[in-house]
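Undergrad: upload16.cif is the file, holding mmCIF, N, CA and C atoms:
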```cif
data_work
loop_
_atom_site.label_atom_id
_atom_site.label_comp_id
_atom_site.auth_asym_id
_atom_site.auth_seq_id
_atom_site.Cartn_x
_atom_site.Cartn_y
_atom_site.Cartn_z
N ASN A 1 -6.76 -22.24 -10.20
CA ASN A 1 -7.01 -22.86 -8.90
C ASN A 1 -8.17 -22.13 -8.21
N ASN A 2 -9.27 -22.82 -8.01
CA ASN A 2 -10.46 -22.23 -7.40
C ASN A 2 -10.57 -22.48 -5.91
N LEU A 3 -9.57 -23.12 -5.33
CA LEU A 3 -9.64 -23.49 -3.92
C LEU A 3 -9.87 -22.31 -2.98
N PRO A 4 -9.09 -21.21 -3.08
CA PRO A 4 -9.35 -20.09 -2.17
C PRO A 4 -10.77 -19.54 -2.32
N HIS A 5 -11.27 -19.49 -3.55
CA HIS A 5 -12.62 -18.98 -3.79
C HIS A 5 -13.67 -19.90 -3.14
N LEU A 6 -13.50 -21.21 -3.30
CA LEU A 6 -14.42 -22.17 -2.69
C LEU A 6 -14.38 -22.06 -1.17
N TYR A 7 -13.18 -21.92 -0.64
CA TYR A 7 -12.99 -21.79 0.80
C TYR A 7 -13.72 -20.55 1.32
N LEU A 8 -13.57 -19.43 0.61
CA LEU A 8 -14.24 -18.19 0.99
C LEU A 8 -15.76 -18.36 0.95
N ALA A 9 -16.25 -18.99 -0.10
CA ALA A 9 -17.70 -19.22 -0.24
C ALA A 9 -18.22 -20.10 0.91
N THR A 10 -17.45 -21.12 1.27
CA THR A 10 -17.84 -22.01 2.38
C THR A 10 -17.89 -21.25 3.68
N ARG A 11 -16.87 -20.42 3.94
CA ARG A 11 -16.82 -19.62 5.17
C ARG A 11 -17.98 -18.63 5.20
N LYS A 12 -18.29 -18.00 4.04
CA LYS A 12 -19.41 -17.05 3.98
C LYS A 12 -20.73 -17.75 4.32
N ASP A 13 -20.92 -18.96 3.77
CA ASP A 13 -22.13 -19.73 4.07
C ASP A 13 -22.22 -20.04 5.55
N GLU A 14 -21.08 -20.41 6.13
CA GLU A 14 -21.02 -20.73 7.55
C GLU A 14 -21.43 -19.51 8.39
N VAL A 15 -20.91 -18.34 8.02
CA VAL A 15 -21.25 -17.10 8.74
C VAL A 15 -22.74 -16.80 8.60
N CYS A 16 -23.30 -16.97 7.40
CA CYS A 16 -24.74 -16.74 7.19
C CYS A 16 -25.57 -17.63 8.10
N THR A 17 -25.20 -18.89 8.20
CA THR A 17 -25.90 -19.85 9.06
C THR A 17 -25.80 -19.42 10.52
N ILE A 18 -24.59 -19.08 10.94
CA ILE A 18 -24.36 -18.65 12.33
C ILE A 18 -25.18 -17.41 12.65
N ARG A 19 -25.12 -16.41 11.76
CA ARG A 19 -25.80 -15.13 12.03
C ARG A 19 -27.33 -15.31 12.04
N SER A 20 -27.85 -16.24 11.22
CA SER A 20 -29.31 -16.45 11.23
C SER A 20 -29.75 -17.21 12.49
N LYS A 21 -28.92 -18.15 12.96
CA LYS A 21 -29.25 -18.90 14.18
C LYS A 21 -29.02 -18.06 15.44
N PHE A 22 -27.97 -17.24 15.40
CA PHE A 22 -27.59 -16.45 16.58
C PHE A 22 -27.43 -14.98 16.17
N PRO A 23 -28.55 -14.29 15.95
CA PRO A 23 -28.48 -12.91 15.43
C PRO A 23 -27.80 -11.92 16.39
N ASN A 24 -27.71 -12.25 17.68
CA ASN A 24 -27.09 -11.34 18.65
C ASN A 24 -25.63 -11.68 18.95
N LYS A 25 -25.06 -12.57 18.15
CA LYS A 25 -23.68 -12.99 18.40
C LYS A 25 -22.83 -12.75 17.15
N LEU A 26 -21.54 -12.54 17.38
CA LEU A 26 -20.59 -12.31 16.29
C LEU A 26 -19.67 -13.52 16.13
N PRO A 27 -19.44 -13.96 14.89
CA PRO A 27 -18.53 -15.08 14.68
C PRO A 27 -17.06 -14.63 14.70
N VAL A 28 -16.30 -15.19 15.64
CA VAL A 28 -14.90 -14.81 15.83
C VAL A 28 -14.03 -16.05 15.78
N ILE A 29 -12.90 -15.94 15.09
CA ILE A 29 -11.91 -17.02 15.06
C ILE A 29 -10.66 -16.51 15.76
N VAL A 30 -10.22 -17.26 16.75
CA VAL A 30 -9.04 -16.88 17.54
C VAL A 30 -7.94 -17.90 17.26
N GLU A 31 -6.78 -17.39 16.85
CA GLU A 31 -5.65 -18.26 16.52
C GLU A 31 -4.40 -17.79 17.26
N ARG A 32 -3.53 -18.75 17.54
CA ARG A 32 -2.27 -18.40 18.18
C ARG A 32 -1.30 -17.83 17.15
N TYR A 33 -0.57 -16.80 17.55
CA TYR A 33 0.44 -16.17 16.70
C TYR A 33 1.44 -17.24 16.24
N VAL A 34 1.84 -17.21 14.97
CA VAL A 34 2.67 -18.28 14.40
C VAL A 34 4.00 -18.46 15.12
N ARG A 35 4.60 -17.38 15.62
CA ARG A 35 5.89 -17.50 16.30
C ARG A 35 5.76 -17.66 17.81
N GLU A 36 4.54 -17.83 18.28
CA GLU A 36 4.30 -18.00 19.72
C GLU A 36 4.83 -19.34 20.19
N LYS A 37 5.62 -19.32 21.28
CA LYS A 37 6.19 -20.57 21.81
C LYS A 37 5.70 -20.88 23.23
N SER A 38 5.38 -19.85 24.01
CA SER A 38 5.09 -20.12 25.42
C SER A 38 3.61 -20.32 25.73
N LEU A 39 2.72 -19.84 24.88
CA LEU A 39 1.29 -20.01 25.15
C LEU A 39 0.74 -21.25 24.46
N PRO A 40 -0.14 -21.98 25.13
CA PRO A 40 -0.72 -23.17 24.50
C PRO A 40 -1.74 -22.82 23.43
N LEU A 41 -2.05 -23.80 22.59
CA LEU A 41 -3.13 -23.65 21.62
C LEU A 41 -4.46 -23.74 22.36
N LEU A 42 -5.47 -23.05 21.86
CA LEU A 42 -6.82 -23.16 22.42
C LEU A 42 -7.43 -24.47 21.97
N ASP A 43 -8.32 -25.04 22.79
CA ASP A 43 -8.98 -26.29 22.39
C ASP A 43 -10.03 -26.05 21.30
N LYS A 44 -10.50 -24.81 21.19
CA LYS A 44 -11.39 -24.46 20.08
C LYS A 44 -11.02 -23.07 19.60
N THR A 45 -11.25 -22.81 18.33
CA THR A 45 -10.84 -21.52 17.77
C THR A 45 -12.03 -20.64 17.38
N LYS A 46 -13.21 -21.22 17.28
CA LYS A 46 -14.39 -20.44 16.87
C LYS A 46 -15.22 -20.07 18.09
N PHE A 47 -15.57 -18.79 18.16
CA PHE A 47 -16.35 -18.28 19.28
C PHE A 47 -17.54 -17.50 18.75
N LEU A 48 -18.65 -17.57 19.49
CA LEU A 48 -19.80 -16.70 19.24
C LEU A 48 -19.82 -15.69 20.37
N VAL A 49 -19.58 -14.44 20.01
CA VAL A 49 -19.36 -13.40 21.00
C VAL A 49 -20.52 -12.40 20.99
N PRO A 50 -21.07 -12.08 22.17
CA PRO A 50 -22.14 -11.07 22.22
C PRO A 50 -21.63 -9.70 21.74
N PHE A 51 -22.50 -8.97 21.04
CA PHE A 51 -22.16 -7.64 20.52
C PHE A 51 -21.57 -6.73 21.58
N GLU A 52 -22.22 -6.74 22.76
CA GLU A 52 -21.90 -5.74 23.78
C GLU A 52 -20.65 -6.07 24.60
N LEU A 53 -20.13 -7.27 24.45
CA LEU A 53 -18.90 -7.64 25.15
C LEU A 53 -17.78 -6.70 24.72
N THR A 54 -16.96 -6.24 25.68
CA THR A 54 -15.83 -5.39 25.29
C THR A 54 -14.64 -6.27 24.95
N LEU A 55 -13.67 -5.69 24.27
CA LEU A 55 -12.46 -6.43 23.95
C LEU A 55 -11.77 -6.86 25.24
N GLY A 56 -11.80 -6.01 26.27
CA GLY A 56 -11.21 -6.37 27.56
C GLY A 56 -11.87 -7.58 28.19
N GLN A 57 -13.20 -7.66 28.10
CA GLN A 57 -13.92 -8.82 28.63
C GLN A 57 -13.59 -10.07 27.84
N PHE A 58 -13.46 -9.91 26.51
CA PHE A 58 -13.11 -11.05 25.68
C PHE A 58 -11.69 -11.52 26.00
N LEU A 59 -10.79 -10.58 26.26
CA LEU A 59 -9.43 -10.92 26.66
C LEU A 59 -9.43 -11.75 27.94
N CYS A 60 -10.26 -11.35 28.92
CA CYS A 60 -10.37 -12.11 30.18
C CYS A 60 -10.88 -13.52 29.92
N LEU A 61 -11.86 -13.64 29.05
CA LEU A 61 -12.40 -14.94 28.69
C LEU A 61 -11.29 -15.83 28.10
N LEU A 62 -10.50 -15.25 27.20
CA LEU A 62 -9.40 -16.01 26.59
C LEU A 62 -8.33 -16.37 27.62
N ARG A 63 -8.01 -15.44 28.51
CA ARG A 63 -7.02 -15.72 29.57
C ARG A 63 -7.46 -16.94 30.38
N ASN A 64 -8.76 -17.01 30.70
CA ASN A 64 -9.27 -18.15 31.46
C ASN A 64 -9.19 -19.44 30.66
N LYS A 65 -9.51 -19.38 29.38
CA LYS A 65 -9.47 -20.57 28.53
C LYS A 65 -8.04 -21.09 28.36
N ILE A 66 -7.09 -20.16 28.27
CA ILE A 66 -5.69 -20.55 28.11
C ILE A 66 -5.07 -20.89 29.47
N ALA A 67 -5.75 -20.51 30.56
CA ALA A 67 -5.29 -20.74 31.94
C ALA A 67 -3.96 -20.04 32.21
N LEU A 68 -3.93 -18.74 31.94
CA LEU A 68 -2.73 -17.94 32.21
C LEU A 68 -2.70 -17.56 33.68
N ASP A 69 -1.49 -17.45 34.23
CA ASP A 69 -1.42 -16.89 35.58
C ASP A 69 -1.34 -15.37 35.47
N GLN A 70 -1.48 -14.71 36.61
CA GLN A 70 -1.59 -13.24 36.64
C GLN A 70 -0.37 -12.52 36.07
N THR A 71 0.80 -13.17 36.12
CA THR A 71 2.02 -12.49 35.68
C THR A 71 2.21 -12.53 34.16
N GLN A 72 1.49 -13.43 33.48
CA GLN A 72 1.66 -13.55 32.03
C GLN A 72 0.81 -12.52 31.30
N THR A 73 1.41 -11.91 30.29
CA THR A 73 0.71 -10.91 29.49
C THR A 73 0.16 -11.57 28.24
N LEU A 74 -1.05 -11.20 27.87
CA LEU A 74 -1.66 -11.71 26.66
C LEU A 74 -1.97 -10.53 25.74
N PHE A 75 -1.44 -10.57 24.54
CA PHE A 75 -1.69 -9.53 23.55
C PHE A 75 -2.67 -10.04 22.51
N LEU A 76 -3.55 -9.16 22.05
CA LEU A 76 -4.48 -9.51 20.98
C LEU A 76 -4.18 -8.66 19.76
N LEU A 77 -4.16 -9.31 18.61
CA LEU A 77 -4.01 -8.61 17.34
C LEU A 77 -5.28 -8.84 16.54
N VAL A 78 -5.82 -7.76 16.01
CA VAL A 78 -6.99 -7.84 15.15
C VAL A 78 -6.57 -7.26 13.81
N ALA A 79 -6.77 -8.01 12.74
CA ALA A 79 -6.35 -7.57 11.40
C ALA A 79 -4.87 -7.17 11.43
N GLU A 80 -4.07 -7.97 12.14
CA GLU A 80 -2.62 -7.77 12.26
C GLU A 80 -2.23 -6.46 12.91
N ARG A 81 -3.13 -5.88 13.67
CA ARG A 81 -2.83 -4.66 14.43
C ARG A 81 -2.96 -4.95 15.91
N SER A 82 -2.08 -4.38 16.69
CA SER A 82 -2.17 -4.53 18.13
C SER A 82 -3.36 -3.72 18.63
N MET A 83 -4.17 -4.33 19.48
CA MET A 83 -5.36 -3.67 19.98
C MET A 83 -5.09 -3.14 21.38
N SER A 84 -5.22 -1.84 21.55
CA SER A 84 -4.96 -1.25 22.86
C SER A 84 -6.24 -0.76 23.54
N CYS A 85 -7.29 -0.51 22.77
CA CYS A 85 -8.52 0.03 23.36
C CYS A 85 -9.41 -1.11 23.85
N MET A 86 -9.19 -1.49 25.11
CA MET A 86 -9.91 -2.63 25.67
C MET A 86 -11.38 -2.33 25.96
N SER A 87 -11.75 -1.04 25.90
CA SER A 87 -13.16 -0.69 26.16
C SER A 87 -14.02 -0.74 24.89
N SER A 88 -13.38 -0.95 23.73
CA SER A 88 -14.15 -1.06 22.48
C SER A 88 -15.07 -2.26 22.54
N SER A 89 -16.29 -2.10 22.03
CA SER A 89 -17.21 -3.24 21.99
C SER A 89 -16.82 -4.15 20.84
N MET A 90 -17.14 -5.42 20.99
CA MET A 90 -16.84 -6.38 19.93
C MET A 90 -17.63 -6.02 18.66
N ARG A 91 -18.80 -5.40 18.83
CA ARG A 91 -19.58 -4.95 17.66
C ARG A 91 -18.77 -3.94 16.85
N ASP A 92 -18.15 -2.95 17.53
CA ASP A 92 -17.34 -1.95 16.83
C ASP A 92 -16.15 -2.57 16.13
N ILE A 93 -15.47 -3.45 16.84
CA ILE A 93 -14.28 -4.10 16.27
C ILE A 93 -14.68 -4.96 15.07
N TYR A 94 -15.78 -5.69 15.23
CA TYR A 94 -16.27 -6.54 14.13
C TYR A 94 -16.62 -5.70 12.91
N SER A 95 -17.31 -4.58 13.12
CA SER A 95 -17.73 -3.77 11.97
C SER A 95 -16.54 -3.14 11.26
N ARG A 96 -15.47 -2.87 12.00
CA ARG A 96 -14.28 -2.24 11.39
C ARG A 96 -13.29 -3.24 10.79
N PHE A 97 -13.18 -4.43 11.39
CA PHE A 97 -12.07 -5.32 11.01
C PHE A 97 -12.48 -6.71 10.52
N ARG A 98 -13.76 -6.97 10.37
CA ARG A 98 -14.14 -8.33 9.94
C ARG A 98 -13.57 -8.63 8.55
N ASP A 99 -13.33 -9.91 8.32
CA ASP A 99 -12.77 -10.37 7.05
C ASP A 99 -13.86 -10.43 5.99
N ALA A 100 -13.44 -10.58 4.74
CA ALA A 100 -14.38 -10.71 3.62
C ALA A 100 -15.30 -11.92 3.80
N ASP A 101 -14.83 -12.94 4.53
CA ASP A 101 -15.66 -14.13 4.74
C ASP A 101 -16.70 -13.95 5.85
N GLY A 102 -16.63 -12.80 6.57
CA GLY A 102 -17.61 -12.54 7.61
C GLY A 102 -17.14 -12.85 9.02
N PHE A 103 -16.01 -13.54 9.16
CA PHE A 103 -15.45 -13.82 10.47
C PHE A 103 -14.55 -12.66 10.91
N LEU A 104 -14.45 -12.46 12.21
CA LEU A 104 -13.45 -11.56 12.76
C LEU A 104 -12.30 -12.44 13.23
N TYR A 105 -11.10 -12.17 12.73
CA TYR A 105 -9.93 -12.97 13.09
C TYR A 105 -9.12 -12.23 14.15
N ILE A 106 -8.87 -12.93 15.26
CA ILE A 106 -8.06 -12.38 16.34
C ILE A 106 -6.89 -13.33 16.59
N THR A 107 -5.71 -12.76 16.71
CA THR A 107 -4.51 -13.55 16.99
C THR A 107 -4.05 -13.21 18.41
N TYR A 108 -3.66 -14.24 19.17
CA TYR A 108 -3.15 -13.96 20.51
C TYR A 108 -1.69 -14.35 20.61
N ALA A 109 -0.98 -13.66 21.48
CA ALA A 109 0.44 -13.91 21.66
C ALA A 109 0.89 -13.39 23.02
N SER A 110 2.04 -13.89 23.46
CA SER A 110 2.68 -13.37 24.67
C SER A 110 3.66 -12.28 24.25
N GLN A 111 4.16 -11.56 25.22
CA GLN A 111 5.14 -10.51 24.94
C GLN A 111 6.39 -11.10 24.29
N GLU A 112 6.79 -12.30 24.71
CA GLU A 112 8.00 -12.94 24.18
C GLU A 112 7.92 -13.17 22.67
N ALA A 113 6.72 -13.46 22.19
CA ALA A 113 6.54 -13.74 20.75
C ALA A 113 6.87 -12.53 19.90
N PHE A 114 6.70 -11.34 20.47
CA PHE A 114 7.01 -10.11 19.74
C PHE A 114 8.42 -9.62 20.05
N GLY A 115 9.19 -10.43 20.75
CA GLY A 115 10.56 -10.05 21.06
C GLY A 115 10.66 -9.17 22.29
N GLY A 116 9.61 -9.09 23.09
CA GLY A 116 9.66 -8.29 24.30
C GLY A 116 9.62 -6.80 23.97
N PRO A 117 9.66 -5.96 24.99
CA PRO A 117 9.61 -4.52 24.74
C PRO A 117 10.90 -4.03 24.10
N ARG A 118 10.77 -3.17 23.11
CA ARG A 118 11.94 -2.59 22.45
C ARG A 118 12.41 -1.38 23.24
N SER A 119 13.70 -1.25 23.38
CA SER A 119 14.18 -0.05 24.05
C SER A 119 14.20 1.09 23.04
N ALA A 120 14.01 2.29 23.51
CA ALA A 120 13.85 3.45 22.64
C ALA A 120 15.11 3.79 21.83
N ASP A 121 16.28 3.42 22.37
CA ASP A 121 17.50 3.81 21.66
C ASP A 121 17.92 2.82 20.56
N LYS A 122 17.25 1.69 20.47
CA LYS A 122 17.58 0.73 19.42
C LYS A 122 16.53 0.78 18.32
N PRO A 123 16.92 1.06 17.09
CA PRO A 123 15.93 1.07 16.01
C PRO A 123 15.46 -0.36 15.71
N PRO A 124 14.21 -0.52 15.25
CA PRO A 124 13.75 -1.85 14.86
C PRO A 124 14.53 -2.37 13.68
N HIS A 125 14.67 -3.69 13.59
CA HIS A 125 15.43 -4.31 12.48
C HIS A 125 14.72 -4.13 11.17
#
```
Take the structure from the file and write it as C-alpha cells.
TA:
Amino acid sequence: NNLPHLYLATRKDEVCTIRSKFPNKLPVIVERYVREKSLPLLDKTKFLVPFELTLGQFLCLLRNKIALDQTQTLFLLVAERSMSCMSSSMRDIYSRFRDADGFLYITYASQEAFGGPRSADKPPH
C-alpha cells in the first residue's frame, strides 16, 4: 500500500510551494483534539504563521477564531506534548517539532478533554 507515501509526498510538495510563495511564513495545521467535546471545530485548519509570532500570540489568534470567552481555557499540544512556554517563537517550535511532511501540527483542547486537573494524591490510570 503506497497511500501513506503518496500522501507524504503530496504534503511535502504543498509545503515547498507554500515556502517558496511565502518565505517568511511557516505552514501550520491546527486540529481539534479527538476527545474534545466542548470546543468547536475551526473553519480552517491550515495557517501561515510569521516566524516571529510567539506561541502565546498564536494561542490568542486561535482563541479569537474559536470565539472563546475569558473563562474558557485553551490548551495547545505540539507533537503530542503540552506546550507551556508561551514566549517561544513559532520559528523555534517549528524547527524542533515540524513533521516529516514539513507542516507543524498543533492540537487544541479544553481542560475537560484531558479530564481536568489531576489531584496529587490520585495516581494516573
Undergrad: Using all atoms listed in the file for the distances, tell me which of A:Cys60, A:Val15, A:Ile106, A:Ile93 is nearest to Leu76 of chain A.
TA: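 Closest residue, counting all atoms listed in the file: A:Ile106.
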Undergrad: Let me know the residues the PyMOL selection byres ((chain A and resi 73) around 6.5) catches in the file above, as a PyMOL selection string.
TA: chain A and resi 70-72+74-75+109-111
Undergrad: Quick one: pull the distance between atom C of Leu62 of chain A and atom CA of Leu8 of chain A, Å, one decimal.
TA: 27.3 Å
Undergrad: Evaluate the PyMOL selection byres ((chain A and resi 18-30) around 8) here and jot the selected residues down as a PDB file with N, CA and C atoms, in the coordinates of the input.
TA:
```pdb
ATOM      1  N   LYS A  12     -18.290 -18.000   4.040  1.00  0.00           N
ATOM      2  CA  LYS A  12     -19.410 -17.050   3.980  1.00  0.00           C
ATOM      3  C   LYS A  12     -20.730 -17.750   4.320  1.00  0.00           C
ATOM      4  N   ASP A  13     -20.920 -18.960   3.770  1.00  0.00           N
ATOM      5  CA  ASP A  13     -22.130 -19.730   4.070  1.00  0.00           C
ATOM      6  C   ASP A  13     -22.220 -20.040   5.550  1.00  0.00           C
ATOM      7  N   GLU A  14     -21.080 -20.410   6.130  1.00  0.00           N
ATOM      8  CA  GLU A  14     -21.020 -20.730   7.550  1.00  0.00           C
ATOM      9  C   GLU A  14     -21.430 -19.510   8.390  1.00  0.00           C
ATOM     10  N   VAL A  15     -20.910 -18.340   8.020  1.00  0.00           N
ATOM     11  CA  VAL A  15     -21.250 -17.100   8.740  1.00  0.00           C
ATOM     12  C   VAL A  15     -22.740 -16.800   8.600  1.00  0.00           C
ATOM     13  N   CYS A  16     -23.300 -16.970   7.400  1.00  0.00           N
ATOM     14  CA  CYS A  16     -24.740 -16.740   7.190  1.00  0.00           C
ATOM     15  C   CYS A  16     -25.570 -17.630   8.100  1.00  0.00           C
ATOM     16  N   THR A  17     -25.200 -18.890   8.200  1.00  0.00           N
ATOM     17  CA  THR A  17     -25.900 -19.850   9.060  1.00  0.00           C
ATOM     18  C   THR A  17     -25.800 -19.420  10.520  1.00  0.00           C
ATOM     19  N   GLU A  31      -6.780 -17.390  16.850  1.00  0.00           N
ATOM     20  CA  GLU A  31      -5.650 -18.260  16.520  1.00  0.00           C
ATOM     21  C   GLU A  31      -4.400 -17.790  17.260  1.00  0.00           C
ATOM     22  N   ARG A  32      -3.530 -18.750  17.540  1.00  0.00           N
ATOM     23  CA  ARG A  32      -2.270 -18.400  18.180  1.00  0.00           C
ATOM     24  C   ARG A  32      -1.300 -17.830  17.150  1.00  0.00           C
ATOM     25  N   TYR A  33      -0.570 -16.800  17.550  1.00  0.00           N
ATOM     26  CA  TYR A  33       0.440 -16.170  16.700  1.00  0.00           C
ATOM     27  C   TYR A  33       1.440 -17.240  16.240  1.00  0.00           C
ATOM     28  N   LEU A  42      -5.470 -23.050  21.860  1.00  0.00           N
ATOM     29  CA  LEU A  42      -6.820 -23.160  22.420  1.00  0.00           C
ATOM     30  C   LEU A  42      -7.430 -24.470  21.970  1.00  0.00           C
ATOM     31  N   LYS A  44     -10.500 -24.810  21.190  1.00  0.00           N
ATOM     32  CA  LYS A  44     -11.390 -24.460  20.080  1.00  0.00           C
ATOM     33  C   LYS A  44     -11.020 -23.070  19.600  1.00  0.00           C
ATOM     34  N   THR A  45     -11.250 -22.810  18.330  1.00  0.00           N
ATOM     35  CA  THR A  45     -10.840 -21.520  17.770  1.00  0.00           C
ATOM     36  C   THR A  45     -12.030 -20.640  17.380  1.00  0.00           C
ATOM     37  N   LYS A  46     -13.210 -21.220  17.280  1.00  0.00           N
ATOM     38  CA  LYS A  46     -14.390 -20.440  16.870  1.00  0.00           C
ATOM     39  C   LYS A  46     -15.220 -20.070  18.090  1.00  0.00           C
ATOM     40  N   PHE A  47     -15.570 -18.790  18.160  1.00  0.00           N
ATOM     41  CA  PHE A  47     -16.350 -18.280  19.280  1.00  0.00           C
ATOM     42  C   PHE A  47     -17.540 -17.500  18.750  1.00  0.00           C
ATOM     43  N   LEU A  48     -18.650 -17.570  19.490  1.00  0.00           N
ATOM     44  CA  LEU A  48     -19.800 -16.700  19.240  1.00  0.00           C
ATOM     45  C   LEU A  48     -19.820 -15.690  20.370  1.00  0.00           C
ATOM     46  N   VAL A  49     -19.580 -14.440  20.010  1.00  0.00           N
ATOM     47  CA  VAL A  49     -19.360 -13.400  21.000  1.00  0.00           C
ATOM     48  C   VAL A  49     -20.520 -12.400  20.990  1.00  0.00           C
ATOM     49  N   PRO A  50     -21.070 -12.080  22.170  1.00  0.00           N
ATOM     50  CA  PRO A  50     -22.140 -11.070  22.220  1.00  0.00           C
ATOM     51  C   PRO A  50     -21.630  -9.700  21.740  1.00  0.00           C
ATOM     52  N   PHE A  51     -22.500  -8.970  21.040  1.00  0.00           N
ATOM     53  CA  PHE A  51     -22.160  -7.640  20.520  1.00  0.00           C
ATOM     54  C   PHE A  51     -21.570  -6.730  21.580  1.00  0.00           C
ATOM     55  N   GLU A  52     -22.220  -6.740  22.760  1.00  0.00           N
ATOM     56  CA  GLU A  52     -21.900  -5.740  23.780  1.00  0.00           C
ATOM     57  C   GLU A  52     -20.650  -6.070  24.600  1.00  0.00           C
ATOM     58  N   MET A  90     -17.140  -5.420  20.990  1.00  0.00           N
ATOM     59  CA  MET A  90     -16.840  -6.380  19.930  1.00  0.00           C
ATOM     60  C   MET A  90     -17.630  -6.020  18.660  1.00  0.00           C
ATOM     61  N   ARG A  91     -18.800  -5.400  18.830  1.00  0.00           N
ATOM     62  CA  ARG A  91     -19.580  -4.950  17.660  1.00  0.00           C
ATOM     63  C   ARG A  91     -18.770  -3.940  16.850  1.00  0.00           C
ATOM     64  N   TYR A  94     -15.780  -5.690  15.230  1.00  0.00           N
ATOM     65  CA  TYR A  94     -16.270  -6.540  14.130  1.00  0.00           C
ATOM     66  C   TYR A  94     -16.620  -5.700  12.910  1.00  0.00           C
ATOM     67  N   GLY A 102     -16.630 -12.800   6.570  1.00  0.00           N
ATOM     68  CA  GLY A 102     -17.610 -12.540   7.610  1.00  0.00           C
ATOM     69  C   GLY A 102     -17.140 -12.850   9.020  1.00  0.00           C
ATOM     70  N   PHE A 103     -16.010 -13.540   9.160  1.00  0.00           N
ATOM     71  CA  PHE A 103     -15.450 -13.820  10.470  1.00  0.00           C
ATOM     72  C   PHE A 103     -14.550 -12.660  10.910  1.00  0.00           C
ATOM     73  N   LEU A 104     -14.450 -12.460  12.210  1.00  0.00           N
ATOM     74  CA  LEU A 104     -13.450 -11.560  12.760  1.00  0.00           C
ATOM     75  C   LEU A 104     -12.300 -12.440  13.230  1.00  0.00           C
ATOM     76  N   TYR A 105     -11.100 -12.170  12.730  1.00  0.00           N
ATOM     77  CA  TYR A 105      -9.930 -12.970  13.090  1.00  0.00           C
ATOM     78  C   TYR A 105      -9.120 -12.230  14.150  1.00  0.00           C
ATOM     79  N   ILE A 106      -8.870 -12.930  15.260  1.00  0.00           N
ATOM     80  CA  ILE A 106      -8.060 -12.380  16.340  1.00  0.00           C
ATOM     81  C   ILE A 106      -6.890 -13.330  16.590  1.00  0.00           C
ATOM     82  N   THR A 107      -5.710 -12.760  16.710  1.00  0.00           N
ATOM     83  CA  THR A 107      -4.510 -13.550  16.990  1.00  0.00           C
ATOM     84  C   THR A 107      -4.050 -13.210  18.410  1.00  0.00           C
ATOM     85  N   TYR A 108      -3.660 -14.240  19.170  1.00  0.00           N
ATOM     86  CA  TYR A 108      -3.150 -13.960  20.510  1.00  0.00           C
ATOM     87  C   TYR A 108      -1.690 -14.350  20.610  1.00  0.00           C
TER      88      TYR A 108
END
```
Undergrad: Once the PyMOL selection byres (((chain A and resi 86 and name CA) around 7) and name CA) is applied to the coordinates I shared, what remains selected? I want it as a list of chain:residue names.
TA: A:Thr54, A:Leu55, A:Gly56, A:Ser84, A:Cys85, A:Ser87, A:Ser88
Undergrad: Report the distance between atom CA of Arg35 of chain A and atom CA of Leu68 of chain A in Å, rounded to one decimal place.
TA: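 Between atom CA of Arg35 of chain A and atom CA of Leu68 of chain A the gap works out to 18.1 Å.
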Undergrad: So how many Å separate atom CA of Asp99 of chain A and atom C of Ala67 of chain A, to one decimal?
TA: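 For atom CA of Asp99 of chain A relative to atom C of Ala67 of chain A, the distance reads 28.4 Å.
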Undergrad: Mind the document's chain letters and residue numbers, and return as a list in words the residues of segment 2-88 of chain A that DSSP labels strand (DSSP E or B).
TA: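 Put together, the selection reads Lys25, Leu26, Pro27, Val28, Ile29, Val30, Glu31, Arg32, Lys46, Phe47, Leu48, Val49, Pro50, Thr54, Phe75, Leu76, Leu77, Val78, Arg81 and Ser82 of chain A.
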Undergrad: Run DSSP on the backbone and grab whatever in chain A lands in helix (DSSP H, G or I); send it over as a VMD selection string.
TA: chain A and resid 3 to 21 55 to 66 90 to 97 111 to 114
